[in-house]
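Participant: Please see the structure below; I have some questions.
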Amino acid sequence: MKKVLLCTFIFMGFIMSAQEKTIQEQVDYLLTQLTLEEKVSLCSGRDDWSSQPIERLDIPWIWMADGPHGLRRAPATNKAGYGDQHPATCFPTASALSATWDVDLIYQIGKALGEECQALGVNVLLGPGVNIKRSVLGGRNFEYFSEDPVLSGELGAAYINGVQDQGVGTSLKHYVANNVETMRMFMNSDVDKRTLHEIYLTPFEIAVKKAQPWTVMACYNRVRGEYGTQSPYLLTDILKKDWGFEGIVISDWFAVIDRVKALEAGMHIEMPRVSDVNDNILLQAAQSGELDETVLNNRVRDILTVVLKAKSLEKADVDQKVKEHHAFARKVAGEAITLLKNDHQVLPLSKKKYKKIAIIGEFAKSPRYQGNGSSEVKPTQLDKVWDILDQEYGKGINYTFAQGYSLKDDLDVSLIEEAVQVASDADIAIVMAGLPLSYESEGIDRKHIDMPISHNKLIEAIAQKQQNTVVVLTNGSAVAMPWANKVEGIVEAWLGGQAGAGAVADVLFGKVNPSGKLAETFPVKLQDTPASFNFPGEQGNVLYGERIFVGYRYYDEKQIEPLFPFGYGLSYTQFEYTDMKVSANEITDRDVLEVKVTVKNTGSVEGKEIVQLYVTDKECTLQRPKKELKKFAKVSLAPGESKELTFQLEKRDFSYYDAKRDRWIAESGEFVIAAAASSRDIRKSARIVLNSTQQIPLMVDEYTFVKELWDHEQTRALLKEYFPNWIKGWTPEGKSMDEANIPGFFLEHPIIKFPYITHNEITHQQVKELIERCKNMTYTPQVIKFKDVENVSF
Ligand code: BGC
């Protein structure tokens with residue numbers, strides 16, 4: 001058996017390399033045949049959704065379509081495809097997918113999406129979106145995974161691998177720092193470099209390194225003053241050189257401002273086709289030599305490689321698989337549902353406990369299941385909670401219904417009164433509420449995090465009369481819940497896609513034990529949120545003032561109690577964590593630390609637990625969050641069953657980004673590793689010491705503080721050599737110069753000020769020489785224990 005497998009692999013490897021070679025050979029040949037005009041034309045789309053073909057040379061075109069949680073394929077590539085798109089399975093949106101925390105499941109979603117693409121002739125799916133949910137108000141939060149970079153990146157990578165393993169490409173979007181919809185075509189994301197790397201680039205980095213998306217979509221916005229479509233730093237230095245991206249960069253739709261700059265910066269295809277004007281600009285630049293033809297050739301080479309690869313992987317006969325996707329969408333929606341409250345075990349429902357169940361809320365009959373904008377899928381079918389309960393869970397139960405509110409988003413008191421009557425006549429009330437479609441849309445940020453008044457008032461009124469009130473929420477992003485303390489149960493069902501209704505019924509009745517956990521913090525109120533002072537920005541600029549303190553990092557730092565914390569979610573069973581072990585108490589940055597923890601299902605039903613591993617740097621030269629998610633795993637356990645989980649932590653998991661030195665640094669010192677059930681529920685922890693072997697440049701210049709030079713041994717020696725008299729002036733009688741009490745006031749001066757503070761006893765020339773001698777000095781990153789300085793008055 002093993003032998004057969006080995007032979008198959010070798011054979012497949014041979015075919016693959018032969019095929020790759022053929023593509024490369026074809027590309028090389030085509031490059032010799034293409035005219036300048038043709039090369040330029042390949043750098044724009046042909047129309048709304050396709051790339052430019054060159055018939056003369058048999059260069060085919062490829063079809064790109066939205067994404068991300070289902071396929072929005074227009075009837076033809078030159079049609080916008082809103083309303084008349086081809087039906088496709090509408091899966092739960094990204095905010096639901098991320099609540100599963102299940103990389104294997106997300107891979108399966110990707111696989112299903114890839115199959116749908118193959119069935120409808122689409123070669124590149126425009127997704128996933130891994131932008132960080134910086135503000136709860138972000139209009140596209142329903143389309144993004146999380147406030148955490150590692151979770152976003154890992155799920156994005158799994159999605160891409162799932163799609164691409166079907167021979168269909170993806171477009172990782174929207175690169176980068178695209179976190180606001182207001183003025184989205186122009187807004188400048190005013191983000192410091194460290195934050196950009198630690199928070200906003202990291203999910204893209206993980207996805208690129210782990211999954212090599214065929215395309216990356218450059219964002220509309222500006223980042224640190226430069227359009228995402230024309231930033232050499234983002235597109236070439238980071239994406240291509242640092243991360244090794246092998247695919248092509250396409251623009252977000254109509255995102256290109258300067259065609260030539262964009263191409264030079266590293267962008268490949270402008271989408272969609274705008275007009276001849278833009279192509280002519282490029283052509284003239286190439287003809288005049290303003291645009292180097294080698295740059296154009298490199299872009300064309302990459303484009304042809306992707307186009308030919310896509311065409312060579314087209315498949316037929318996937319229609320049957322697509323028919324099975326509705327059932328799969330229900331399973332996924334069930335995995336995403338997050339149980340936020342379940343007092344007195346009000347759930348699960350059963351006919352033994354409740355004979356008469358009131359279903360309240362129009363959403364039970366008119367489901368809200370996806371967001372507004374380019375991601376809108378035309379579903380192949382659409383389930384409704386009311387129908388599913390009747391068809392699948394109806395036996396022996398008397399269901400009653402009241403509309404409760406109208407979808408028009410107005411307050412109709414008579415509907416509330418009627419609903420209260422229906423609810424109080426039943427044994428339990430299930431209230432289906434949340435956000436109407438108009439509340440969550442691409443292109444528009446939310447103004448507040450409240451649900452409609454009609455929904456809030458309805459819940460309050462019912463809870464007053466019915467002890468057993470359970471709220472089932474459908475919304476794509478966090479909402480305030482002023483009634484949270486008054487109801488017995490809260491089920492977050494997200495935007496569950498076309499089969500979400502079945503999943504709600506499955507969870508309510510315990511056929512599926514809820515296992516979702518929040519991938520975003522639910523705040524008590526908008527004013528508690530990290531970006532509340534700086535969102536959506538003003539005059540075209542949005543200041544990322546909270547810096548690295550995004551999501552739970554902020555709530556931890558400010559010690560603010562959220563309504564429900566990041567990583568939180570209940571189950572119908574309980575889990576116990578034991579036996580946390582680390583492979584070493586002391587490591588270097590070159591080692592891999594293994595962390596083990598055992599999880600046991602101590603309840604009476606089967607369930608799944610999401611274990612989160614957070615790392616805390618106890619002491620650091622720079623400010624760091626109290627904890628950061630580095631690893632996670634979802635584990636399924638039968639009642640009484642235990643499983644040991646193993647995680648591996650590496651240098652990057654302990655590092656911060658040093659913007660001055662432009663590199664990741666793992667500093668020596670003590671770290672705490674915590675295994676947690678949520679960001680606010682640490683179950684086990686261990687301490688380790690990291691001894692860094694990194695050598696990083698000291699980077700002394702005229703603005704380096706005297707204090708820095710004094711605290712590093714090597715530079716202190718130079719200070720002593722250059723300025724003995726000045727130091728001796730601060731040294732107590734009979735003590736060595738190392739024990740000098742240089743006043744704090746002087747230590748806080750940049751060395752350029754030495755000549756001034758010493759009345760030219762130390763000259764400019766000496767300062768220059770000193771800087772020169774520090775040029776190549778390096779040190780091991782660690783917290784320098786600053787010598788206590790007396791604040792000697794002078
Ligand atoms: C959106 C993208 C989308 C594209 C094509 C843009 O407005 O930002 O996410 O893929 O349109 O529909």
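How things are named: the first chain in the structure tokens is A, the next is B, and so on; residues count from 1 in each chain; ligands count from 1 in the order shown.
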Set the distance at 7 Å and use only C-alpha atoms: which residues neighbour stretch 517-532 of chain A once local chain neighbours fewer than 5 positions away are removed? I'd like the list as a VMD selection string.
Facilitator: chain A and resid 98 to 100 134 to 135 146 to 147 338 448 to 449 478 to 480 546 550 to 552 554 562 to 569
Participant: With C-alpha atoms retained, could you export that selection as an mmCIF file, in the first residue's frame?
Facilitator:
```cif
data_model
loop_
_atom_site.group_PDB
_atom_site.id
_atom_site.type_symbol
_atom_site.label_atom_id
_atom_site.label_comp_id
_atom_site.auth_asym_id
_atom_site.auth_seq_id
_atom_site.Cartn_x
_atom_site.Cartn_y
_atom_site.Cartn_z
ATOM 1 C CA SER A 98 -14.892 32.933 12.502
ATOM 2 C CA ALA A 99 -17.055 32.084 15.514
ATOM 3 C CA THR A 100 -16.432 28.407 14.671
ATOM 4 C CA ARG A 134 -10.952 47.806 14.288
ATOM 5 C CA SER A 135 -14.244 49.419 15.227
ATOM 6 C CA SER A 146 -12.037 38.995 13.696
ATOM 7 C CA GLU A 147 -10.451 41.740 15.770
ATOM 8 C CA THR A 338 -22.627 31.176 19.955
ATOM 9 C CA HIS A 448 -24.311 53.272 16.601
ATOM 10 C CA ILE A 449 -24.400 49.698 17.859
ATOM 11 C CA ALA A 478 -21.587 43.304 17.758
ATOM 12 C CA VAL A 479 -24.724 44.943 19.156
ATOM 13 C CA ALA A 480 -25.565 46.491 22.524
ATOM 14 C CA GLU A 546 -5.503 53.163 19.986
ATOM 15 C CA VAL A 550 -7.284 46.758 19.265
ATOM 16 C CA GLY A 551 -10.166 44.566 20.476
ATOM 17 C CA TYR A 552 -9.517 42.647 23.689
ATOM 18 C CA TYR A 554 -7.762 47.465 24.645
ATOM 19 C CA PRO A 562 -17.144 44.052 28.107
ATOM 20 C CA LEU A 563 -20.675 42.712 27.738
ATOM 21 C CA PHE A 564 -19.212 39.481 26.380
ATOM 22 C CA PRO A 565 -15.441 39.130 25.956
ATOM 23 C CA PHE A 566 -13.441 37.955 22.971
ATOM 24 C CA GLY A 567 -13.242 34.170 22.863
ATOM 25 C CA TYR A 568 -16.372 33.662 24.968
ATOM 26 C CA GLY A 569 -19.186 31.185 24.311
#
```
Participant: Please list as a list in words every residue within 12 Å of A:Tyr703, counting only C-alpha atoms and excluding residues in the same chain fewer than 5 positions away.
Facilitator: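 The neighbour list is Glu708, Leu709, Glu748, His749, Pro750, Ile751, Ile752, Lys753, Phe754, Val767, Lys768 and Ile771 of chain A.
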Participant: Hey, which residues sit close to ligand 1? Say within 6 Å, counting only C-alpha atoms and all ligand atoms, and write them as an MDAnalysis selection string.
Facilitator: chainID A and resid 66 126 252:253 374
Participant: Looking at only C-alpha atoms, which of A:Phe723, A:Tyr399, A:Tyr555, A:Tyr439 is the one that sits closest to A:Ala426?
Facilitator: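 Closest to A:Ala426 of all the choices is A:Tyr399.
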Participant: Taking only stretch 240-393 of chain A into account, list the residues labelled strand (DSSP E or B) by DSSP (computed from the backbone), as a JSON list (two decimals) with N, CA, C and O atoms, in the first residue's frame.
Facilitator:
```json
[["chain", "number", "residue", "atom", "x", "y", "z"],
["A", 248, "ILE", "N", -0.56, 37.52, -8.32],
["A", 248, "ILE", "CA", -0.71, 38.85, -8.90],
["A", 248, "ILE", "C", -1.58, 39.73, -8.00],
["A", 248, "ILE", "O", -2.42, 39.23, -7.25],
["A", 249, "VAL", "N", -1.33, 41.03, -8.10],
["A", 249, "VAL", "CA", -2.12, 41.99, -7.34],
["A", 249, "VAL", "C", -3.15, 42.61, -8.28],
["A", 249, "VAL", "O", -2.77, 43.12, -9.35],
["A", 250, "ILE", "N", -4.43, 42.51, -7.90],
["A", 250, "ILE", "CA", -5.45, 43.20, -8.69],
["A", 250, "ILE", "C", -5.96, 44.37, -7.85],
["A", 250, "ILE", "O", -5.85, 44.35, -6.61],
["A", 251, "SER", "N", -6.51, 45.36, -8.51],
["A", 251, "SER", "CA", -7.00, 46.51, -7.73],
["A", 251, "SER", "C", -8.39, 46.20, -7.24],
["A", 251, "SER", "O", -9.12, 45.42, -7.86],
["A", 269, "ILE", "N", -3.11, 44.01, -12.29],
["A", 269, "ILE", "CA", -4.29, 44.25, -13.14],
["A", 269, "ILE", "C", -5.19, 45.30, -12.51],
["A", 269, "ILE", "O", -5.57, 45.19, -11.34],
["A", 270, "GLU", "N", -5.57, 46.29, -13.30],
["A", 270, "GLU", "CA", -6.57, 47.25, -12.85],
["A", 270, "GLU", "C", -7.95, 46.65, -13.14],
["A", 270, "GLU", "O", -8.25, 46.26, -14.27],
["A", 338, "THR", "N", -23.34, 30.91, 18.71],
["A", 338, "THR", "CA", -22.63, 31.18, 19.95],
["A", 338, "THR", "C", -23.64, 31.42, 21.07],
["A", 338, "THR", "O", -24.42, 32.37, 21.00],
["A", 339, "LEU", "N", -23.59, 30.56, 22.05],
["A", 339, "LEU", "CA", -24.53, 30.67, 23.17],
["A", 339, "LEU", "C", -23.94, 31.65, 24.18],
["A", 339, "LEU", "O", -22.91, 31.40, 24.78],
["A", 340, "LEU", "N", -24.63, 32.78, 24.36],
["A", 340, "LEU", "CA", -24.07, 33.83, 25.21],
["A", 340, "LEU", "C", -24.61, 33.78, 26.62],
["A", 340, "LEU", "O", -23.98, 34.25, 27.56],
["A", 341, "LYS", "N", -25.81, 33.25, 26.76],
["A", 341, "LYS", "CA", -26.39, 33.19, 28.11],
["A", 341, "LYS", "C", -27.36, 32.02, 28.16],
["A", 341, "LYS", "O", -28.12, 31.80, 27.20],
["A", 342, "ASN", "N", -27.35, 31.28, 29.26],
["A", 342, "ASN", "CA", -28.28, 30.15, 29.38],
["A", 342, "ASN", "C", -28.58, 29.91, 30.86],
["A", 342, "ASN", "O", -28.24, 28.87, 31.42],
["A", 356, "LYS", "N", -45.90, 24.40, 25.04],
["A", 356, "LYS", "CA", -46.33, 25.49, 24.16],
["A", 356, "LYS", "C", -45.19, 26.51, 24.02],
["A", 356, "LYS", "O", -44.74, 27.07, 25.02],
["A", 357, "ILE", "N", -44.74, 26.69, 22.81],
["A", 357, "ILE", "CA", -43.59, 27.58, 22.57],
["A", 357, "ILE", "C", -44.03, 28.74, 21.68],
["A", 357, "ILE", "O", -44.55, 28.52, 20.59],
["A", 358, "ALA", "N", -43.79, 29.96, 22.19],
["A", 358, "ALA", "CA", -44.13, 31.14, 21.38],
["A", 358, "ALA", "C", -42.91, 31.55, 20.57],
["A", 358, "ALA", "O", -41.82, 31.74, 21.13],
["A", 359, "ILE", "N", -43.08, 31.64, 19.27],
["A", 359, "ILE", "CA", -42.01, 32.14, 18.39],
["A", 359, "ILE", "C", -42.39, 33.57, 18.04],
["A", 359, "ILE", "O", -43.43, 33.83, 17.44],
["A", 360, "ILE", "N", -41.54, 34.49, 18.46],
["A", 360, "ILE", "CA", -41.86, 35.91, 18.28],
["A", 360, "ILE", "C", -40.83, 36.55, 17.35],
["A", 360, "ILE", "O", -39.62, 36.34, 17.53],
["A", 372, "ASN", "N", -25.28, 43.48, 3.09],
["A", 372, "ASN", "CA", -25.55, 44.27, 1.90],
["A", 372, "ASN", "C", -24.25, 44.56, 1.14],
["A", 372, "ASN", "O", -23.23, 44.79, 1.76],
["A", 379, "PRO", "N", -29.45, 33.11, -3.07],
["A", 379, "PRO", "CA", -29.39, 31.74, -2.54],
["A", 379, "PRO", "C", -30.14, 30.72, -3.42],
["A", 379, "PRO", "O", -31.08, 31.09, -4.12]]
```
Participant: DSSP on the backbone, then: every residue of stretch 457-622 of chain A marked helix (DSSP H, G or I), written as a count of residues only.
Facilitator: 31
Participant: Mind pulling up the distance from atom CA of A:Gln166 to atom CA of A:Leu313?
Facilitator: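 Taking atom CA of A:Leu313 as the start and atom CA of A:Gln166 as the end point, the length is 8.2 Å.
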Participant: Just the residues within 10 Å of A:Ser515, please, counting only C-alpha atoms, with nothing from its chain fewer than 2 positions along; format it as a count of residues only.
Facilitator: 26
Participant: Using only C-alpha atoms, pick whichever of A:Ala94, A:Leu125, A:Ala740, A:Ile682 has the shortest atom-to-atom distance to A:Trp49.
Facilitator: A:Leu125
Participant: Counting only C-alpha atoms, which of A:Asp617, A:Glu641, A:Glu628, A:Glu264 gets nearest to A:Ile688?
Facilitator: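 Of the candidates, the smallest distance to A:Ile688 is held by A:Asp617.
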Participant: Do a neighbour search on A:His69 at 7 Å with only C-alpha atoms, toss out local chain neighbours closer than 5 positions, and write the hits as a list in words.
Facilitator: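 That gives Cys90, Phe91, Pro92, Thr93 and Ala94 of chain A.
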Participant: Can you write just those residues out, N, CA, C and O atoms, as an mmCIF file, in the first residue's frame?
Facilitator:
```cif
data_model
loop_
_atom_site.group_PDB
_atom_site.id
_atom_site.type_symbol
_atom_site.label_atom_id
_atom_site.label_comp_id
_atom_site.auth_asym_id
_atom_site.auth_seq_id
_atom_site.Cartn_x
_atom_site.Cartn_y
_atom_site.Cartn_z
ATOM 1 N N CYS A 90 -25.590 30.190 -0.357
ATOM 2 C CA CYS A 90 -25.189 31.302 0.505
ATOM 3 C C CYS A 90 -24.783 30.726 1.859
ATOM 4 O O CYS A 90 -25.627 30.277 2.637
ATOM 5 N N PHE A 91 -23.499 30.688 2.104
ATOM 6 C CA PHE A 91 -22.978 30.174 3.378
ATOM 7 C C PHE A 91 -23.037 31.280 4.436
ATOM 8 O O PHE A 91 -23.255 32.456 4.096
ATOM 9 N N PRO A 92 -22.834 30.940 5.700
ATOM 10 C CA PRO A 92 -22.785 31.990 6.728
ATOM 11 C C PRO A 92 -21.676 32.996 6.393
ATOM 12 O O PRO A 92 -20.662 32.629 5.803
ATOM 13 N N THR A 93 -21.862 34.263 6.778
ATOM 14 C CA THR A 93 -20.834 35.266 6.444
ATOM 15 C C THR A 93 -19.621 35.105 7.384
ATOM 16 O O THR A 93 -19.675 34.365 8.364
ATOM 17 N N ALA A 94 -18.562 35.841 7.072
ATOM 18 C CA ALA A 94 -17.284 35.629 7.772
ATOM 19 C C ALA A 94 -17.380 35.775 9.286
ATOM 20 O O ALA A 94 -16.685 35.070 10.026
#
```
Participant: Given only C-alpha atoms as the basis, pick out the residue of A:His712, A:Lys684, A:Lys111, A:His455 nearest to A:Tyr159.
Facilitator: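 Smallest separation from A:Tyr159 among the options: A:Lys111.
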Participant: Nearest to A:Asn776: which of A:Val346, A:Val615, A:Met699, A:Val471 is it, counting only C-alpha atoms?
Facilitator: A:Met699
Participant: With only C-alpha atoms as the counted atoms, please give the residues lying no more than 12 Å from stretch 450-452 of chain A, apart from itself and same-chain residues fewer than 3 positions off, as a VMD selection string.
Facilitator: chain A and resid 136 to 137 405 to 412 433 to 440 446 to 447 455 to 459 473 to 483 522 to 526
Participant: For atom CA of A:Glu761 and atom CA of A:Trp726, determine how far apart the two atoms are, in Å to one decimal place.
Facilitator: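 Interatomic distance, atom CA of A:Glu761 to atom CA of A:Trp726: 7.9 Å.
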